[in-house]
$ cat final-v2.cif   # mmCIF, C-alpha atoms
data_model
loop_
_atom_site.group_PDB
_atom_site.id
_atom_site.type_symbol
_atom_site.label_atom_id
_atom_site.label_comp_id
_atom_site.auth_asym_id
_atom_site.auth_seq_id
_atom_site.Cartn_x
_atom_site.Cartn_y
_atom_site.Cartn_z
ATOM 1 C CA MET D 1 142.805 131.234 85.398
ATOM 2 C CA LYS D 2 141.330 129.130 88.144
ATOM 3 C CA LEU D 3 139.812 130.615 91.270
ATOM 4 C CA ARG D 4 139.232 128.380 94.305
ATOM 5 C CA LYS D 5 137.794 129.331 97.690
ATOM 6 C CA ASN D 6 138.196 127.117 100.725
ATOM 7 C CA GLY D 7 136.815 128.735 103.859
ATOM 8 C CA GLU D 8 139.156 131.589 104.775
ATOM 9 C CA THR D 9 141.558 130.915 101.888
ATOM 10 C CA MET D 10 141.269 131.861 98.236
ATOM 11 C CA THR D 11 143.685 130.770 95.478
ATOM 12 C CA ILE D 12 144.035 132.213 91.998
ATOM 13 C CA SER D 13 146.202 130.023 89.795
ATOM 14 C CA GLN D 14 147.322 129.725 86.227
ATOM 15 C CA ASN D 15 148.806 126.426 85.066
ATOM 16 C CA MET D 16 151.021 126.561 82.007
ATOM 17 C CA GLY D 17 150.928 122.839 81.120
ATOM 18 C CA CYS D 18 150.075 123.323 77.434
ATOM 19 C CA PHE D 19 152.848 125.894 77.000
ATOM 20 C CA TRP D 20 155.341 123.565 78.687
ATOM 21 C CA LEU D 21 154.193 120.689 76.467
ATOM 22 C CA PHE D 22 154.675 122.853 73.364
ATOM 23 C CA GLY D 23 158.189 123.863 74.511
ATOM 24 C CA SER D 24 159.017 120.230 75.301
ATOM 25 C CA PHE D 25 158.101 119.300 71.740
ATOM 26 C CA PHE D 26 160.815 121.667 70.456
ATOM 27 C CA VAL D 27 163.347 120.295 72.960
ATOM 28 C CA VAL D 28 162.702 116.648 72.023
ATOM 29 C CA ILE D 29 162.762 117.227 68.252
ATOM 30 C CA GLY D 30 165.863 119.426 68.599
ATOM 31 C CA LEU D 31 167.634 116.742 70.630
ATOM 32 C CA MET D 32 166.833 114.198 67.924
ATOM 33 C CA PHE D 33 168.534 116.450 65.348
ATOM 34 C CA VAL D 34 171.584 116.904 67.603
ATOM 35 C CA TYR D 35 171.788 113.152 68.273
ATOM 36 C CA GLY D 36 171.557 112.320 64.576
ATOM 37 C CA ALA D 37 174.171 114.883 63.554
ATOM 38 C CA SER D 38 176.487 113.571 66.286
ATOM 39 C CA GLY D 39 176.587 110.066 64.818
ATOM 40 C CA GLY D 40 173.109 108.694 65.469
ATOM 41 C CA TYR D 41 171.936 108.564 61.840
ATOM 42 C CA SER D 42 172.213 105.146 60.194
ATOM 43 C CA ASN D 43 173.755 106.805 57.116
ATOM 44 C CA PHE D 44 176.044 109.089 59.125
ATOM 45 C CA ALA D 45 179.141 108.073 57.158
ATOM 46 C CA GLU D 46 177.455 108.925 53.832
ATOM 47 C CA ALA D 47 176.164 112.390 54.847
ATOM 48 C CA SER D 48 178.127 115.476 53.918
ATOM 49 C CA TRP D 49 179.650 117.545 56.694
ATOM 50 C CA ILE D 50 177.576 120.578 55.661
ATOM 51 C CA LEU D 51 174.343 118.592 56.049
ATOM 52 C CA LEU D 52 175.426 117.307 59.457
ATOM 53 C CA LEU D 53 176.411 120.808 60.522
ATOM 54 C CA ALA D 54 173.019 122.149 59.403
ATOM 55 C CA HIS D 55 171.197 119.387 61.318
ATOM 56 C CA PHE D 56 173.299 120.063 64.400
ATOM 57 C CA CYS D 57 172.613 123.828 64.224
ATOM 58 C CA PHE D 58 168.861 123.300 63.688
ATOM 59 C CA GLY D 59 168.838 120.938 66.659
ATOM 60 C CA VAL D 60 170.606 123.396 68.955
ATOM 61 C CA VAL D 61 168.249 126.189 67.884
ATOM 62 C CA GLY D 62 165.235 123.915 68.519
ATOM 63 C CA VAL D 63 166.441 122.980 72.004
ATOM 64 C CA ALA D 64 167.200 126.614 72.840
ATOM 65 C CA ALA D 65 163.790 127.776 71.572
ATOM 66 C CA GLY D 66 161.982 125.112 73.586
ATOM 67 C CA LEU D 67 163.881 125.893 76.780
ATOM 68 C CA TRP D 68 163.282 129.629 76.288
ATOM 69 C CA PHE D 69 159.558 129.047 75.720
ATOM 70 C CA ILE D 70 159.258 126.897 78.835
ATOM 71 C CA SER D 71 161.270 129.280 81.016
ATOM 72 C CA THR D 72 159.272 132.377 80.007
ATOM 73 C CA HIS D 73 155.903 130.843 80.927
ATOM 74 C CA PRO D 74 155.978 129.985 84.645
ATOM 75 C CA ALA D 75 152.974 128.714 86.579
ATOM 76 C CA ILE D 76 151.742 131.415 88.952
ATOM 77 C CA SER D 77 149.462 131.107 91.954
ATOM 78 C CA VAL D 78 148.284 133.661 94.495
ATOM 79 C CA THR D 79 146.949 132.502 97.840
ATOM 80 C CA ILE D 80 144.993 134.925 100.010
ATOM 81 C CA ASP D 81 144.746 133.693 103.603
ATOM 82 C CA LYS D 82 142.367 135.668 105.855
ATOM 83 C CA ASN D 83 143.441 133.785 108.997
ATOM 84 C CA GLU D 84 147.122 134.638 108.553
ATOM 85 C CA GLN D 85 146.368 138.031 106.902
ATOM 86 C CA LEU D 86 148.865 137.117 104.162
ATOM 87 C CA VAL D 87 148.946 137.101 100.371
ATOM 88 C CA THR D 88 151.466 134.614 98.943
ATOM 89 C CA LEU D 89 152.640 134.828 95.330
ATOM 90 C CA LEU D 90 154.239 131.582 94.140
ATOM 91 C CA THR D 91 155.967 131.448 90.743
ATOM 92 C CA ARG D 92 157.076 127.992 89.594
ATOM 93 C CA GLY D 93 159.035 127.328 86.467
ATOM 94 C CA VAL D 94 161.159 124.454 85.283
ATOM 95 C CA PHE D 95 164.363 126.292 86.173
ATOM 96 C CA ARG D 96 163.306 128.468 89.093
ATOM 97 C CA ARG D 97 160.850 128.833 91.934
ATOM 98 C CA SER D 98 160.143 132.014 93.843
ATOM 99 C CA GLU D 99 157.785 132.889 96.638
ATOM 100 C CA ARG D 100 156.837 136.347 97.862
ATOM 101 C CA THR D 101 154.648 137.032 100.856
ATOM 102 C CA PHE D 102 152.763 140.248 101.556
ATOM 103 C CA GLU D 103 150.732 141.290 104.571
ATOM 104 C CA PHE D 104 147.220 142.548 103.850
ATOM 105 C CA GLY D 105 148.331 146.079 104.713
ATOM 106 C CA GLN D 106 150.945 145.996 101.931
ATOM 107 C CA ILE D 107 148.346 145.275 99.226
ATOM 108 C CA ARG D 108 146.512 148.131 97.551
ATOM 109 C CA LYS D 109 144.410 146.078 95.110
ATOM 110 C CA PHE D 110 144.225 143.544 92.339
ATOM 111 C CA GLU D 111 143.891 145.302 89.013
ATOM 112 C CA VAL D 112 143.183 144.436 85.388
ATOM 113 C CA VAL D 113 145.624 146.273 83.129
ATOM 114 C CA GLU D 114 145.124 146.946 79.430
ATOM 115 C CA ASP D 115 148.089 146.543 77.094
ATOM 116 C CA ILE D 116 148.747 146.283 73.373
ATOM 117 C CA ASP D 117 150.381 143.145 71.952
ATOM 118 C CA SER D 118 152.839 142.984 69.034
ATOM 119 C CA ASP D 119 149.959 142.821 66.521
ATOM 120 C CA GLY D 120 148.348 145.979 67.903
ATOM 121 C CA ASP D 121 145.482 144.098 69.577
ATOM 122 C CA THR D 122 144.261 144.901 73.076
ATOM 123 C CA VAL D 123 145.190 142.315 75.715
ATOM 124 C CA TRP D 124 144.518 142.212 79.453
ATOM 125 C CA MET D 125 146.722 141.269 82.409
ATOM 126 C CA LEU D 126 145.896 140.694 86.061
ATOM 127 C CA GLU D 127 148.282 142.507 88.409
ATOM 128 C CA LEU D 128 148.781 142.781 92.144
ATOM 129 C CA VAL D 129 149.430 146.404 93.145
ATOM 130 C CA THR D 130 151.223 147.097 96.430
ATOM 131 C CA ILE D 131 150.949 150.199 98.617
ATOM 132 C CA SER D 132 154.436 151.231 97.441
ATOM 133 C CA GLY D 133 153.127 151.293 93.852
ATOM 134 C CA GLU D 134 154.822 148.103 92.629
ATOM 135 C CA SER D 135 152.748 146.247 90.017
ATOM 136 C CA ILE D 136 153.331 142.497 89.992
ATOM 137 C CA PRO D 137 151.895 140.470 87.088
ATOM 138 C CA ILE D 138 149.749 137.542 88.203
ATOM 139 C CA SER D 139 149.606 136.075 84.719
ATOM 140 C CA SER D 140 152.504 135.219 82.428
ATOM 141 C CA VAL D 141 150.184 135.214 79.405
ATOM 142 C CA PRO D 142 147.937 138.182 78.561
ATOM 143 C CA SER D 143 144.376 137.463 77.506
ATOM 144 C CA PRO D 144 142.349 139.046 74.699
ATOM 145 C CA ALA D 145 139.218 138.663 76.861
ATOM 146 C CA GLU D 146 138.949 141.250 79.630
ATOM 147 C CA SER D 147 136.274 139.225 81.418
ATOM 148 C CA SER D 148 138.695 136.320 82.044
ATOM 149 C CA LYS D 149 140.836 138.629 84.203
ATOM 150 C CA ARG D 150 138.105 140.906 85.581
ATOM 151 C CA GLY D 151 136.337 138.120 87.485
ATOM 152 C CA PRO D 152 139.395 137.024 89.503
ATOM 153 C CA ALA D 153 140.336 140.679 90.180
ATOM 154 C CA PHE D 154 136.841 141.449 91.493
ATOM 155 C CA GLU D 155 136.749 138.299 93.651
ATOM 156 C CA ALA D 156 140.253 138.888 95.073
ATOM 157 C CA ASN D 157 139.511 142.516 95.968
ATOM 158 C CA ALA D 158 136.230 141.529 97.601
ATOM 159 C CA PHE D 159 137.968 138.722 99.516
ATOM 160 C CA LEU D 160 140.615 141.193 100.756
ATOM 161 C CA GLY D 161 137.906 143.645 101.755
ATOM 162 C CA ARG D 162 139.086 146.197 99.199
ATOM 163 C CA LYS D 163 136.770 148.275 97.063
ATOM 164 C CA PRO D 164 136.551 146.516 93.693
ATOM 165 C CA PRO D 165 137.804 148.641 90.790
ATOM 166 C CA LEU D 166 135.278 150.140 88.399
ATOM 167 C CA TYR D 167 135.551 149.005 84.811
ATOM 168 C CA LEU D 168 134.461 151.051 81.843
ATOM 169 C CA SER D 169 132.541 148.121 80.391
ATOM 170 C CA ASP D 170 130.521 147.839 83.632
ATOM 171 C CA THR D 171 129.185 151.383 83.394
ATOM 172 C CA GLU D 172 128.211 151.398 79.727
#

$ encode --input "final-v2.cif" --output "structure tokens"
Amino acid sequence: MKLRKNGETMTISQNMGCFWLFGSFFVVIGLMFVYGASGGYSNFAEASWILLLAHFCFGVVGVAAGLWFISTHPAISVTIDKNEQLVTLLTRGVFRRSERTFEFGQIRKFEVVEDIDSDGDTVWMLELVTISGESIPISSVPSPAESSKRGPAFEANAFLGRKPPLYLSDTE
């Protein structure tokens, strides 16, 4: 996560370029399989229909996996503007873009949340918590390092004028 301050504005952002590149790899290789099975192979006439069907199916699965991977990892940025008294959450993906704006009074705090991943390991997420109790993830990828999320949460709360949360690891 990147944290940038510019006068009365602070931006927390997470760019998902490597994840999108990885997903694009699956899309490109999958499309090559689909193209070949659709008549693009130089030995297309000699290949059995079962082999072509298998190549076509593998290609479709590869394209679908790549598009799913890209779509589930959007780039997220939060802009805190003291002049406007607004917090703007911008989520940009390949297939969608959404923007939500909150007034300072609607924000309770930025919080680091502990979760357990599929392997049973502890991971950490940065969330924006509203006065109504809604928790909005600021990161599409959890981190195994609490400190990578704690710093931006502390800075954002301080920038908003909120009391920074206490962390167990700070008091030990």

$ resolve_selection --input "final-v2.cif" --expression "the PyMOL selection byres ((chain D and resi 56) around 8)" --output "short mmCIF file (atom, residue, chain, number, x, y, z; two decimals) with C-alpha atoms, in the coordinates of the input"
data_model
loop_
_atom_site.label_atom_id
_atom_site.label_comp_id
_atom_site.auth_asym_id
_atom_site.auth_seq_id
_atom_site.Cartn_x
_atom_site.Cartn_y
_atom_site.Cartn_z
CA PHE D 33 168.53 116.45 65.35
CA VAL D 34 171.58 116.90 67.60
CA GLY D 36 171.56 112.32 64.58
CA ALA D 37 174.17 114.88 63.55
CA SER D 38 176.49 113.57 66.29
CA LEU D 52 175.43 117.31 59.46
CA LEU D 53 176.41 120.81 60.52
CA ALA D 54 173.02 122.15 59.40
CA HIS D 55 171.20 119.39 61.32
CA CYS D 57 172.61 123.83 64.22
CA PHE D 58 168.86 123.30 63.69
CA GLY D 59 168.84 120.94 66.66
CA VAL D 60 170.61 123.40 68.96
#

$ residues_around --input "final-v2.cif" --residues "Leu160 of chain D" --least-positions-apart "2" --cutoff "12 Å" --atoms "all atoms listed in the file" --output "compact mmCIF listing (two decimals) with C-alpha atoms, in the frame of the given file"
# COMPACT_ATOMS: atom_id res chain seq x y z
CA GLU D 8 139.16 131.59 104.78
CA THR D 9 141.56 130.92 101.89
CA MET D 10 141.27 131.86 98.24
CA THR D 79 146.95 132.50 97.84
CA ILE D 80 144.99 134.93 100.01
CA ASP D 81 144.75 133.69 103.60
CA LYS D 82 142.37 135.67 105.86
CA ASN D 83 143.44 133.78 109.00
CA GLN D 85 146.37 138.03 106.90
CA LEU D 86 148.86 137.12 104.16
CA VAL D 87 148.95 137.10 100.37
CA GLU D 103 150.73 141.29 104.57
CA PHE D 104 147.22 142.55 103.85
CA GLY D 105 148.33 146.08 104.71
CA GLN D 106 150.94 146.00 101.93
CA ILE D 107 148.35 145.28 99.23
CA ARG D 108 146.51 148.13 97.55
CA LYS D 109 144.41 146.08 95.11
CA PHE D 110 144.22 143.54 92.34
CA LEU D 128 148.78 142.78 92.14
CA ALA D 153 140.34 140.68 90.18
CA PHE D 154 136.84 141.45 91.49
CA GLU D 155 136.75 138.30 93.65
CA ALA D 156 140.25 138.89 95.07
CA ASN D 157 139.51 142.52 95.97
CA ALA D 158 136.23 141.53 97.60
CA ARG D 162 139.09 146.20 99.20
CA LYS D 163 136.77 148.28 97.06
CA PRO D 164 136.55 146.52 93.69

$ residues_near_point --input "final-v2.cif" --point "(144.9, 134.8, 87.5)" --cutoff "7 Å" --atoms "only C-alpha atoms" --output "NGL selection string"
:D and (1-2 or 12-14 or 126 or 138-139 or 149 or 152)

$ closest_residue --input "final-v2.cif" --among "D:Val27, D:Ile131, D:Met16, D:Val112" --to "Val61 of chain D" --atoms "all atoms listed in the file"
D:Val27

$ resolve_selection --input "final-v2.cif" --expression "the PyMOL selection byres ((chain D and resi 141) around 12)" --output "number ranges by chain"
D: 1, 14-16, 19, 69, 72-76, 115, 117, 123-127, 137-140, 142-145, 148-149

$ atom_distance --input "final-v2.cif" --atom1 "atom CA of Arg96 of chain D" --atom2 "atom CA of Gly66 of chain D"
15.9 Å

$ atom_distance --input "final-v2.cif" --atom1 "atom CA of Arg97 of chain D" --atom2 "atom CA of Ser77 of chain D"
11.6 Å

$ residues_around --input "final-v2.cif" --residues "Gly30 of chain D" --least-positions-apart "4" --cutoff "6 Å" --atoms "only C-alpha atoms" --output "ChimeraX atom specification"
/D:26,59,62-63

$ atom_distance --input "final-v2.cif" --atom1 "atom CA of Lys5 of chain D" --atom2 "atom CA of Thr88 of chain D"
14.7 Å

$ closest_residue --input "final-v2.cif" --among "D:Thr11, D:Ala47, D:Tyr41, D:Glu134" --to "Leu90 of chain D" --atoms "all atoms listed in the file"
D:Thr11

$ decode --input "final-v2.cif" --residues "segment 115-162 of chain D" --atoms "N, CA and C atoms" --output "CSV table (one decimal), in the first residue's frame"
chain,number,residue,atom,x,y,z
D,115,ASP,N,-7.9,-11.8,10.2
D,115,ASP,CA,-8.7,-12.8,9.6
D,115,ASP,C,-7.8,-14.0,9.4
D,116,ILE,N,-8.4,-15.1,9.1
D,116,ILE,CA,-7.7,-16.4,8.9
D,116,ILE,C,-7.9,-16.8,7.4
D,117,ASP,N,-6.8,-17.1,6.7
D,117,ASP,CA,-6.9,-17.5,5.3
D,117,ASP,C,-7.2,-18.9,5.2
D,118,SER,N,-7.3,-19.4,3.9
D,118,SER,CA,-7.7,-20.8,3.7
D,118,SER,C,-6.6,-21.8,4.2
D,119,ASP,N,-5.4,-21.4,4.5
D,119,ASP,CA,-4.4,-22.3,5.1
D,119,ASP,C,-4.4,-22.3,6.6
D,120,GLY,N,-5.2,-21.4,7.2
D,120,GLY,CA,-5.2,-21.3,8.6
D,120,GLY,C,-4.2,-20.2,9.2
D,121,ASP,N,-3.6,-19.5,8.3
D,121,ASP,CA,-2.6,-18.5,8.7
D,121,ASP,C,-3.4,-17.1,8.9
D,122,THR,N,-2.8,-16.3,9.8
D,122,THR,CA,-3.4,-15.0,10.2
D,122,THR,C,-3.0,-14.0,9.1
D,123,VAL,N,-4.0,-13.3,8.6
D,123,VAL,CA,-3.8,-12.3,7.6
D,123,VAL,C,-4.5,-11.0,8.1
D,124,TRP,N,-4.1,-9.9,7.5
D,124,TRP,CA,-4.6,-8.6,8.0
D,124,TRP,C,-5.2,-7.8,6.8
D,125,MET,N,-6.3,-7.1,7.1
D,125,MET,CA,-7.0,-6.2,6.1
D,125,MET,C,-7.2,-4.9,6.7
D,126,LEU,N,-7.1,-3.9,5.8
D,126,LEU,CA,-7.4,-2.5,6.2
D,126,LEU,C,-8.8,-2.2,5.8
D,127,GLU,N,-9.6,-1.7,6.8
D,127,GLU,CA,-11.0,-1.4,6.5
D,127,GLU,C,-11.4,0.0,7.0
D,128,LEU,N,-12.3,0.6,6.3
D,128,LEU,CA,-12.9,1.8,6.6
D,128,LEU,C,-14.3,1.5,7.3
D,129,VAL,N,-14.4,2.0,8.5
D,129,VAL,CA,-15.6,1.7,9.3
D,129,VAL,C,-16.4,3.0,9.4
D,130,THR,N,-17.7,2.9,9.0
D,130,THR,CA,-18.6,4.1,9.0
D,130,THR,C,-19.3,4.2,10.4
D,131,ILE,N,-20.0,5.3,10.6
D,131,ILE,CA,-20.7,5.5,11.9
D,131,ILE,C,-21.9,4.5,11.9
D,132,SER,N,-22.4,4.1,10.8
D,132,SER,CA,-23.6,3.1,10.8
D,132,SER,C,-23.1,1.7,11.0
D,133,GLY,N,-21.8,1.5,11.1
D,133,GLY,CA,-21.2,0.2,11.4
D,133,GLY,C,-20.8,-0.6,10.2
D,134,GLU,N,-20.9,0.0,9.0
D,134,GLU,CA,-20.5,-0.7,7.8
D,134,GLU,C,-19.0,-0.8,7.7
D,135,SER,N,-18.4,-1.9,7.4
D,135,SER,CA,-17.0,-2.1,7.2
D,135,SER,C,-16.7,-2.3,5.8
D,136,ILE,N,-15.9,-1.4,5.2
D,136,ILE,CA,-15.6,-1.4,3.8
D,136,ILE,C,-14.1,-1.8,3.6
D,137,PRO,N,-13.8,-2.9,3.0
D,137,PRO,CA,-12.4,-3.2,2.8
D,137,PRO,C,-11.6,-2.2,1.9
D,138,ILE,N,-10.4,-1.8,2.3
D,138,ILE,CA,-9.6,-0.9,1.6
D,138,ILE,C,-8.6,-1.6,0.8
D,139,SER,N,-8.5,-2.9,1.0
D,139,SER,CA,-7.5,-3.7,0.3
D,139,SER,C,-8.2,-5.0,-0.3
D,140,SER,N,-7.9,-5.3,-1.5
D,140,SER,CA,-8.5,-6.5,-2.1
D,140,SER,C,-7.6,-7.7,-1.8
D,141,VAL,N,-6.4,-7.5,-1.3
D,141,VAL,CA,-5.5,-8.6,-0.9
D,141,VAL,C,-5.1,-8.5,0.5
D,142,PRO,N,-5.4,-9.5,1.4
D,142,PRO,CA,-5.0,-9.5,2.7
D,142,PRO,C,-3.4,-9.6,2.8
D,143,SER,N,-2.9,-9.2,3.9
D,143,SER,CA,-1.4,-9.2,4.0
D,143,SER,C,-1.1,-10.1,5.3
D,144,PRO,N,0.0,-10.9,5.2
D,144,PRO,CA,0.4,-11.6,6.4
D,144,PRO,C,1.2,-10.7,7.4
D,145,ALA,N,1.5,-9.5,7.0
D,145,ALA,CA,2.3,-8.6,7.9
D,145,ALA,C,1.3,-7.5,8.4
D,146,GLU,N,1.1,-7.5,9.7
D,146,GLU,CA,0.2,-6.6,10.3
D,146,GLU,C,0.7,-5.1,10.1
D,147,SER,N,2.0,-5.0,10.2
D,147,SER,CA,2.6,-3.6,10.1
D,147,SER,C,2.4,-2.9,8.8
D,148,SER,N,2.2,-3.7,7.7
D,148,SER,CA,1.9,-3.1,6.4
D,148,SER,C,0.6,-2.4,6.3
D,149,LYS,N,-0.4,-2.8,7.2
D,149,LYS,CA,-1.7,-2.3,7.2
D,149,LYS,C,-1.8,-1.3,8.4
D,150,ARG,N,-1.1,-1.5,9.5
D,150,ARG,CA,-1.2,-0.7,10.7
D,150,ARG,C,-0.7,0.7,10.4
D,151,GLY,N,0.3,0.9,9.7
D,151,GLY,CA,0.9,2.2,9.4
D,151,GLY,C,-0.2,3.1,8.7
D,152,PRO,N,-0.7,2.6,7.5
D,152,PRO,CA,-1.7,3.5,6.9
D,152,PRO,C,-3.0,3.7,7.7
D,153,ALA,N,-3.4,2.8,8.5
D,153,ALA,CA,-4.5,3.0,9.4
D,153,ALA,C,-4.2,4.1,10.4
D,154,PHE,N,-3.1,4.0,11.0
D,154,PHE,CA,-2.7,5.0,12.0
D,154,PHE,C,-2.6,6.4,11.4
D,155,GLU,N,-2.0,6.5,10.2
D,155,GLU,CA,-1.8,7.8,9.5
D,155,GLU,C,-3.2,8.3,9.1
D,156,ALA,N,-4.1,7.5,8.6
D,156,ALA,CA,-5.4,7.9,8.1
D,156,ALA,C,-6.2,8.4,9.3
D,157,ASN,N,-6.2,7.7,10.4
D,157,ASN,CA,-7.0,8.1,11.6
D,157,ASN,C,-6.4,9.5,12.2
D,158,ALA,N,-5.1,9.6,12.2
D,158,ALA,CA,-4.5,10.8,12.7
D,158,ALA,C,-4.9,12.0,11.7
D,159,PHE,N,-4.9,11.7,10.4
D,159,PHE,CA,-5.2,12.8,9.4
D,159,PHE,C,-6.6,13.2,9.6
D,160,LEU,N,-7.5,12.3,9.9
D,160,LEU,CA,-8.9,12.6,10.1
D,160,LEU,C,-9.2,13.2,11.4
D,161,GLY,N,-8.2,13.2,12.3
D,161,GLY,CA,-8.4,13.7,13.7
D,161,GLY,C,-9.1,12.7,14.6
D,162,ARG,N,-9.1,11.5,14.2
D,162,ARG,CA,-9.7,10.4,15.0
D,162,ARG,C,-8.6,9.8,16.0
